[in-house]
Amino acid sequence: MGQGVLRRYAEYLPLTPRTPMITLGEGETPLVKSRHLVKEVGCDELYLKLEGCNPTGSFKDRGMVVAVAKALEAGSTSIICASTGNTSASAAAYAAYCGLVAIVLVPKGEVAKGKLAQAMACGARVLTVNGNFDEALKIVRDLTQRHPIYLVNSVNPYRVEGQKTAAFEVVDDLGDAPDYLCIPVGNAGNITAYWKGFVEYHRAGKAKSLPRMMGFQAAGAAPIVLGAPVAKPQTVASAIRIGNPASWEGALRARDESTGLIAAVSDEEILEAYRLLARTEGVFCEPASAASVAGLLKLARTGWTFQGKRVVCVITGTGLKDPDLATQQARGEFQEVAADLRAVEDVLLSLNIGVRAG
Ligand code: F0G
């Protein structure tokens with residue numbers, strides 16, 4: 001049984017004797033060694049940190065468990081967030097587990113189906129806002145100034161505290177930090193959290209080195225790369241369709257202190273990585289998650305050399321979150337067949353995959 005993030009990393013978290021040690025089993029996610037993409041990148045070792053294996057299918061659970069524990073400790077009865085989907089699914093689940101009311105604001109028509117289904121199933125009050133994520137976040141920030149509702153977006157420092165535990169796990173698994181850490185960037189809480197985690201573990205003597213932080217935004221939603229907010233962010237990767245990241249400064253610090261970079265990847269590059277991850281590594285993730293691998297492949301193809309290096313890509317959420325995109329990307333790749341042995345045999349023969357006539 002998993003201990004959960006609060007117990008496993010208690011000494012690194014801002015807990016008090018009154019913090020309830022809740023868990024839905026978050027953390028301890030697999031670090032899977034790549035067998036195929038590693039060759040394309042030309043590095044020594046490439047690992048995929050499968051954050052989609054968290055209880056609600058994304059990395060958000062690490063931070064949410066800490067934020068919700070602190071909400072309970074403070075005596076709050078309701079929590080609120082703006083979200084492109086995953087934060088709302090996570091907030092809804094932890095609120096249900098802890099008997100809190102969850103209110104989630106999501107941009108209308110822009111959230112992947114699986115995420116909305118999760119929030120609704122767990123009983124959250126779902127408000128679809130006629131605007132984008134940045135506008136929804138502004139509203140919840142203002143609301144929580146005026147009303148006693150507990151804010152669980154990553155502007156809440158407890159979210160970042162919880163999310164930094166993913167960096168601890170990477171170091172615990174590898175015995176040191178990797179040379180490079182590739183990660184998608186949306187509201188920029190996660191890159192901020194990973195860097196905080198690596199720095200703290202390094203200071204504590206748990207890691208000998210620090211990684212270079214390589215953040216990737218979608219080209220149509222790349223304010224940090226452009227150096228200015230984007231009023232109408234556009235990308236197929238709806239999770240990172242964000243034009244004015246709340247943790248902008250944290251992302252810049254991670255980039256600069258680690259001598260890393262934050263670059264943009266196109267939707268085509270994201271979708272290529274999305275397909276490659278599923279087909280060559282068996283890792284079915286959501287499109288935003290594929291941005292980390294898309295960015296790494298882009299660097300490798302444009303002259304960066306990763307020879308002798310150890311690289312980790314953070315795969316932030318599961319592909320089941322966005323079934324519409326998955327089926328659309330795989331169009332035409334199933335075939336209807338009669339419920340009949342010969343009919344199935346005939347199809348397999350025509351596929352030329354080793355089934356022989358006779
Ligand atoms: N990947 C996924 C799957 C996400 O859901 C998010 C953010 C990110 C990457 C980017 O992380 O914002 O910390 O830079 N999702 C938020 C949400 C915004 O509301 O679920 P970030």
# chains A, B, ... in the order shown; residues from 1 in each chain; ligands from 1

call {"tool": "residues_near_ligand", "arguments": {"ligand": "ligand 1", "cutoff": "6 Å", "atoms": "only C-alpha atoms and all ligand atoms", "output": "list in words"}}
result
Ser83, Thr84, Gly85, Asn86, Thr87, Pro184, Val185, Gly186, Asn187, Ala188, Gly189, Asn190, Ala239, Ile240, Ala288, Ser289, Thr316 and Gly317 of chain A

call {"tool": "closest_atom_pairs", "arguments": {"of": "region 243-295 of chain A", "to": "region 216-231 of chain A", "cutoff": "10 Å", "atoms": "only C-alpha atoms", "output": "JSON lines"}}
result
{"residue": "A:Gly243", "atom": "CA", "partner": "A:Val230", "partner_atom": "CA", "distance": 4.4}
{"residue": "A:Asn244", "atom": "CA", "partner": "A:Pro229", "partner_atom": "CA", "distance": 4.9}
{"residue": "A:Pro245", "atom": "CA", "partner": "A:Pro223", "partner_atom": "CA", "distance": 7.8}
{"residue": "A:Trp248", "atom": "CA", "partner": "A:Ile224", "partner_atom": "CA", "distance": 7.0}
{"residue": "A:Glu249", "atom": "CA", "partner": "A:Ile224", "partner_atom": "CA", "distance": 9.4}
{"residue": "A:Ala251", "atom": "CA", "partner": "A:Ile224", "partner_atom": "CA", "distance": 8.3}
{"residue": "A:Leu252", "atom": "CA", "partner": "A:Ile224", "partner_atom": "CA", "distance": 8.1}
{"residue": "A:Leu261", "atom": "CA", "partner": "A:Phe216", "partner_atom": "CA", "distance": 8.4}
{"residue": "A:Ile262", "atom": "CA", "partner": "A:Phe216", "partner_atom": "CA", "distance": 5.6}
{"residue": "A:Ala263", "atom": "CA", "partner": "A:Phe216", "partner_atom": "CA", "distance": 5.1}
{"residue": "A:Ala264", "atom": "CA", "partner": "A:Gln217", "partner_atom": "CA", "distance": 4.8}
{"residue": "A:Val265", "atom": "CA", "partner": "A:Ala218", "partner_atom": "CA", "distance": 5.2}
{"residue": "A:Ser266", "atom": "CA", "partner": "A:Ala219", "partner_atom": "CA", "distance": 5.0}
{"residue": "A:Asp267", "atom": "CA", "partner": "A:Ala218", "partner_atom": "CA", "distance": 6.7}
{"residue": "A:Glu269", "atom": "CA", "partner": "A:Ala218", "partner_atom": "CA", "distance": 9.3}
{"residue": "A:Ile270", "atom": "CA", "partner": "A:Ala218", "partner_atom": "CA", "distance": 7.9}
{"residue": "A:Ala288", "atom": "CA", "partner": "A:Ala218", "partner_atom": "CA", "distance": 8.1}
{"residue": "A:Ser289", "atom": "CA", "partner": "A:Phe216", "partner_atom": "CA", "distance": 9.9}
{"residue": "A:Ala290", "atom": "CA", "partner": "A:Phe216", "partner_atom": "CA", "distance": 9.8}
{"residue": "A:Ala291", "atom": "CA", "partner": "A:Phe216", "partner_atom": "CA", "distance": 6.1}
{"residue": "A:Ser292", "atom": "CA", "partner": "A:Phe216", "partner_atom": "CA", "distance": 6.1}
{"residue": "A:Val293", "atom": "CA", "partner": "A:Phe216", "partner_atom": "CA", "distance": 9.1}
{"residue": "A:Ala294", "atom": "CA", "partner": "A:Phe216", "partner_atom": "CA", "distance": 8.4}
{"residue": "A:Gly295", "atom": "CA", "partner": "A:Phe216", "partner_atom": "CA", "distance": 6.1}

call {"tool": "residues_around", "arguments": {"residues": "Leu46 (chain A)", "least_positions_apart": "2", "cutoff": "7 Å", "atoms": "only C-alpha atoms", "output": "number ranges by chain"}}
result
A: 33-34, 38, 43-44, 48, 310-312

call {"tool": "write_last_selection", "arguments": {"atoms": "N, CA and C atoms", "output": "compact mmCIF listing (two decimals), in the first residue's frame"}}
result
# COMPACT_ATOMS: atom_id res chain seq x y z
N LYS A 33 11.86 3.21 -18.20
CA LYS A 33 13.01 3.40 -19.07
C LYS A 33 12.59 3.25 -20.53
N SER A 34 12.91 4.24 -21.33
CA SER A 34 12.55 4.22 -22.75
C SER A 34 13.41 3.21 -23.49
N VAL A 38 14.73 6.73 -26.80
CA VAL A 38 16.10 6.98 -26.34
C VAL A 38 17.08 6.98 -27.52
N CYS A 43 20.53 9.96 -26.36
CA CYS A 43 21.09 10.09 -25.01
C CYS A 43 21.42 8.70 -24.46
N ASP A 44 22.06 8.65 -23.31
CA ASP A 44 22.42 7.38 -22.70
C ASP A 44 21.20 6.66 -22.15
N LEU A 48 10.73 8.04 -18.48
CA LEU A 48 9.44 8.72 -18.51
C LEU A 48 8.82 8.61 -17.12
N ARG A 310 21.72 11.56 -19.12
CA ARG A 310 20.54 10.90 -18.58
C ARG A 310 19.41 11.94 -18.57
N VAL A 311 18.31 11.60 -19.21
CA VAL A 311 17.21 12.56 -19.38
C VAL A 311 15.91 11.98 -18.80
N VAL A 312 15.14 12.82 -18.13
CA VAL A 312 13.82 12.43 -17.65
C VAL A 312 12.78 13.35 -18.29

call {"tool": "select_by_dssp", "arguments": {"residues": "region 102-177 of chain A", "states": "strand (DSSP E or B)", "output": "compact mmCIF listing (two decimals) with C-alpha atoms, in the first residue's frame"}}
result
# COMPACT_ATOMS: atom_id res chain seq x y z
CA ALA A 102 -15.52 21.62 -4.38
CA ILE A 103 -16.31 24.46 -6.75
CA VAL A 104 -14.51 24.39 -10.08
CA LEU A 105 -14.47 26.99 -12.85
CA VAL A 106 -13.50 25.69 -16.26
CA PRO A 107 -13.37 27.42 -19.66
CA ARG A 125 -20.05 22.18 -8.50
CA VAL A 126 -18.85 22.67 -12.05
CA LEU A 127 -19.18 26.18 -13.47
CA THR A 128 -18.33 26.53 -17.16
CA VAL A 129 -17.08 30.04 -17.73
CA TYR A 150 -10.17 27.91 0.21
CA LEU A 151 -8.18 28.43 -3.01

call {"tool": "select_by_dssp", "arguments": {"residues": "region 99-263 of chain A", "states": "alpha helix (DSSP H)", "output": "ChimeraX atom specification"}}
result
/A:113-121,133-146,157-163,165-174,189-203,223-226,248-257

call {"tool": "residues_around", "arguments": {"residues": "region 21-25 of chain A", "least_positions_apart": "2", "cutoff": "8 Å", "atoms": "only C-alpha atoms", "output": "list in words"}}
result
Met1, Gly2, Gln3, Gly4, Val5, Leu6, Arg7, Thr19, Gly27, Asn54, Pro55, Val65, Ala69 and Tyr94 of chain A

call {"tool": "atom_distance", "arguments": {"atom1": "CA of Glu257 (chain A)", "atom2": "CA of His202 (chain A)"}}
result
13.5 Å

call {"tool": "closest_residue", "arguments": {"among": "A:Gly319, A:Pro233, A:Gly205, A:Gly52", "to": "Asp172 (chain A)", "atoms": "only C-alpha atoms"}}
result
A:Gly205

call {"tool": "closest_residue", "arguments": {"among": "A:Ala357, A:Leu137, A:Leu181, A:Val283", "to": "Leu320 (chain A)", "atoms": "only C-alpha atoms"}}
result
A:Val283

call {"tool": "residues_around", "arguments": {"residues": "Thr259 (chain A)", "least_positions_apart": "5", "cutoff": "12 Å", "atoms": "only C-alpha atoms", "output": "list in words"}}
result
Asp179, Tyr180, Leu181, Trp195, Leu210, Pro211, Arg212, Met213, Met214, Gly215, Ala251, Leu252, Arg253 and Ala254 of chain A

call {"tool": "residues_around", "arguments": {"residues": "Arg159 (chain A)", "least_positions_apart": "5", "cutoff": "12 Å", "atoms": "only C-alpha atoms", "output": "ChimeraX atom specification"}}
result
/A:5,13-14,59-71,81,87,90-91,151-154,164-165,188-190,192-194,247

call {"tool": "write_last_selection", "arguments": {"atoms": "N, CA and C atoms", "output": "short mmCIF file (atom, residue, chain, number, x, y, z; two decimals), in the first residue's frame"}}
result
data_model
loop_
_atom_site.label_atom_id
_atom_site.label_comp_id
_atom_site.auth_asym_id
_atom_site.auth_seq_id
_atom_site.Cartn_x
_atom_site.Cartn_y
_atom_site.Cartn_z
N VAL A 5 1.89 10.96 -0.32
CA VAL A 5 2.91 12.01 -0.34
C VAL A 5 3.16 12.61 1.05
N LEU A 13 7.82 18.68 4.14
CA LEU A 13 6.54 19.38 3.89
C LEU A 13 6.14 20.22 5.11
N PRO A 14 5.40 21.29 4.87
CA PRO A 14 5.04 22.21 5.96
C PRO A 14 3.88 21.67 6.79
N PHE A 59 -0.53 14.60 -12.31
CA PHE A 59 0.37 15.01 -11.23
C PHE A 59 -0.30 15.92 -10.20
N LYS A 60 -1.47 16.45 -10.53
CA LYS A 60 -2.12 17.43 -9.64
C LYS A 60 -2.37 16.87 -8.25
N ASP A 61 -2.53 15.55 -8.15
CA ASP A 61 -2.87 14.94 -6.86
C ASP A 61 -1.80 15.17 -5.79
N ARG A 62 -0.55 15.28 -6.21
CA ARG A 62 0.55 15.50 -5.25
C ARG A 62 0.38 16.81 -4.48
N GLY A 63 0.02 17.84 -5.23
CA GLY A 63 -0.14 19.14 -4.61
C GLY A 63 -1.50 19.26 -3.95
N MET A 64 -2.49 18.60 -4.56
CA MET A 64 -3.86 18.73 -4.03
C MET A 64 -3.96 18.10 -2.65
N VAL A 65 -3.26 16.99 -2.43
CA VAL A 65 -3.37 16.33 -1.13
C VAL A 65 -2.84 17.24 -0.03
N VAL A 66 -1.79 17.98 -0.32
CA VAL A 66 -1.23 18.90 0.68
C VAL A 66 -2.18 20.09 0.87
N ALA A 67 -2.66 20.66 -0.23
CA ALA A 67 -3.55 21.83 -0.13
C ALA A 67 -4.83 21.47 0.61
N VAL A 68 -5.39 20.30 0.32
CA VAL A 68 -6.66 19.91 0.97
C VAL A 68 -6.41 19.58 2.45
N ALA A 69 -5.29 18.96 2.76
CA ALA A 69 -4.96 18.71 4.17
C ALA A 69 -4.86 20.03 4.93
N LYS A 70 -4.25 21.04 4.30
CA LYS A 70 -4.11 22.34 4.97
C LYS A 70 -5.47 23.05 5.05
N ALA A 71 -6.34 22.84 4.06
CA ALA A 71 -7.69 23.41 4.11
C ALA A 71 -8.45 22.82 5.31
N CYS A 81 -11.24 26.18 -7.41
CA CYS A 81 -10.12 26.39 -8.33
C CYS A 81 -10.65 26.75 -9.71
N THR A 87 -6.75 19.94 -12.60
CA THR A 87 -6.83 20.45 -11.23
C THR A 87 -8.25 20.28 -10.70
N SER A 90 -8.87 16.65 -9.74
CA SER A 90 -8.16 16.33 -8.51
C SER A 90 -8.84 16.97 -7.30
N ALA A 91 -9.18 18.24 -7.43
CA ALA A 91 -9.87 18.94 -6.33
C ALA A 91 -11.18 18.24 -5.99
N LEU A 151 -8.69 28.48 -1.63
CA LEU A 151 -8.18 28.43 -3.01
C LEU A 151 -7.16 27.29 -3.18
N VAL A 152 -7.40 26.41 -4.14
CA VAL A 152 -6.46 25.29 -4.33
C VAL A 152 -5.76 25.31 -5.69
N ASN A 153 -5.72 26.47 -6.33
CA ASN A 153 -4.85 26.60 -7.52
C ASN A 153 -3.39 26.63 -7.07
N SER A 154 -2.47 26.50 -8.03
CA SER A 154 -1.06 26.41 -7.65
C SER A 154 -0.48 27.75 -7.18
N LYS A 164 6.52 19.22 -5.52
CA LYS A 164 7.98 19.07 -5.54
C LYS A 164 8.40 17.63 -5.20
N THR A 165 7.48 16.85 -4.60
CA THR A 165 7.84 15.47 -4.22
C THR A 165 8.12 14.60 -5.44
N ALA A 188 2.71 27.03 -15.05
CA ALA A 188 4.10 27.07 -14.59
C ALA A 188 4.31 26.69 -13.12
N GLY A 189 3.27 26.16 -12.49
CA GLY A 189 3.42 25.69 -11.11
C GLY A 189 4.32 24.47 -11.02
N ASN A 190 4.19 23.58 -12.00
CA ASN A 190 4.92 22.30 -11.89
C ASN A 190 6.41 22.47 -12.11
N THR A 192 8.10 25.08 -11.48
CA THR A 192 8.52 25.76 -10.25
C THR A 192 8.71 24.75 -9.13
N ALA A 193 7.76 23.82 -9.03
CA ALA A 193 7.78 22.82 -7.95
C ALA A 193 8.94 21.84 -8.12
N TYR A 194 9.15 21.35 -9.33
CA TYR A 194 10.25 20.40 -9.58
C TYR A 194 11.59 21.04 -9.21
N SER A 247 2.64 31.35 -12.27
CA SER A 247 3.99 31.13 -11.72
C SER A 247 5.09 31.47 -12.73
#

call {"tool": "atom_distance", "arguments": {"atom1": "CA of Glu333 (chain A)", "atom2": "CA of Ala278 (chain A)"}}
result
14.1 Å

call {"tool": "atom_distance", "arguments": {"atom1": "CA of Glu135 (chain A)", "atom2": "CA of Ala237 (chain A)"}}
result
18.2 Å

call {"tool": "closest_residue", "arguments": {"among": "A:Glu336, A:Glu110, A:Glu51, A:Glu286", "to": "Leu271 (chain A)", "atoms": "only C-alpha atoms"}}
result
A:Glu286
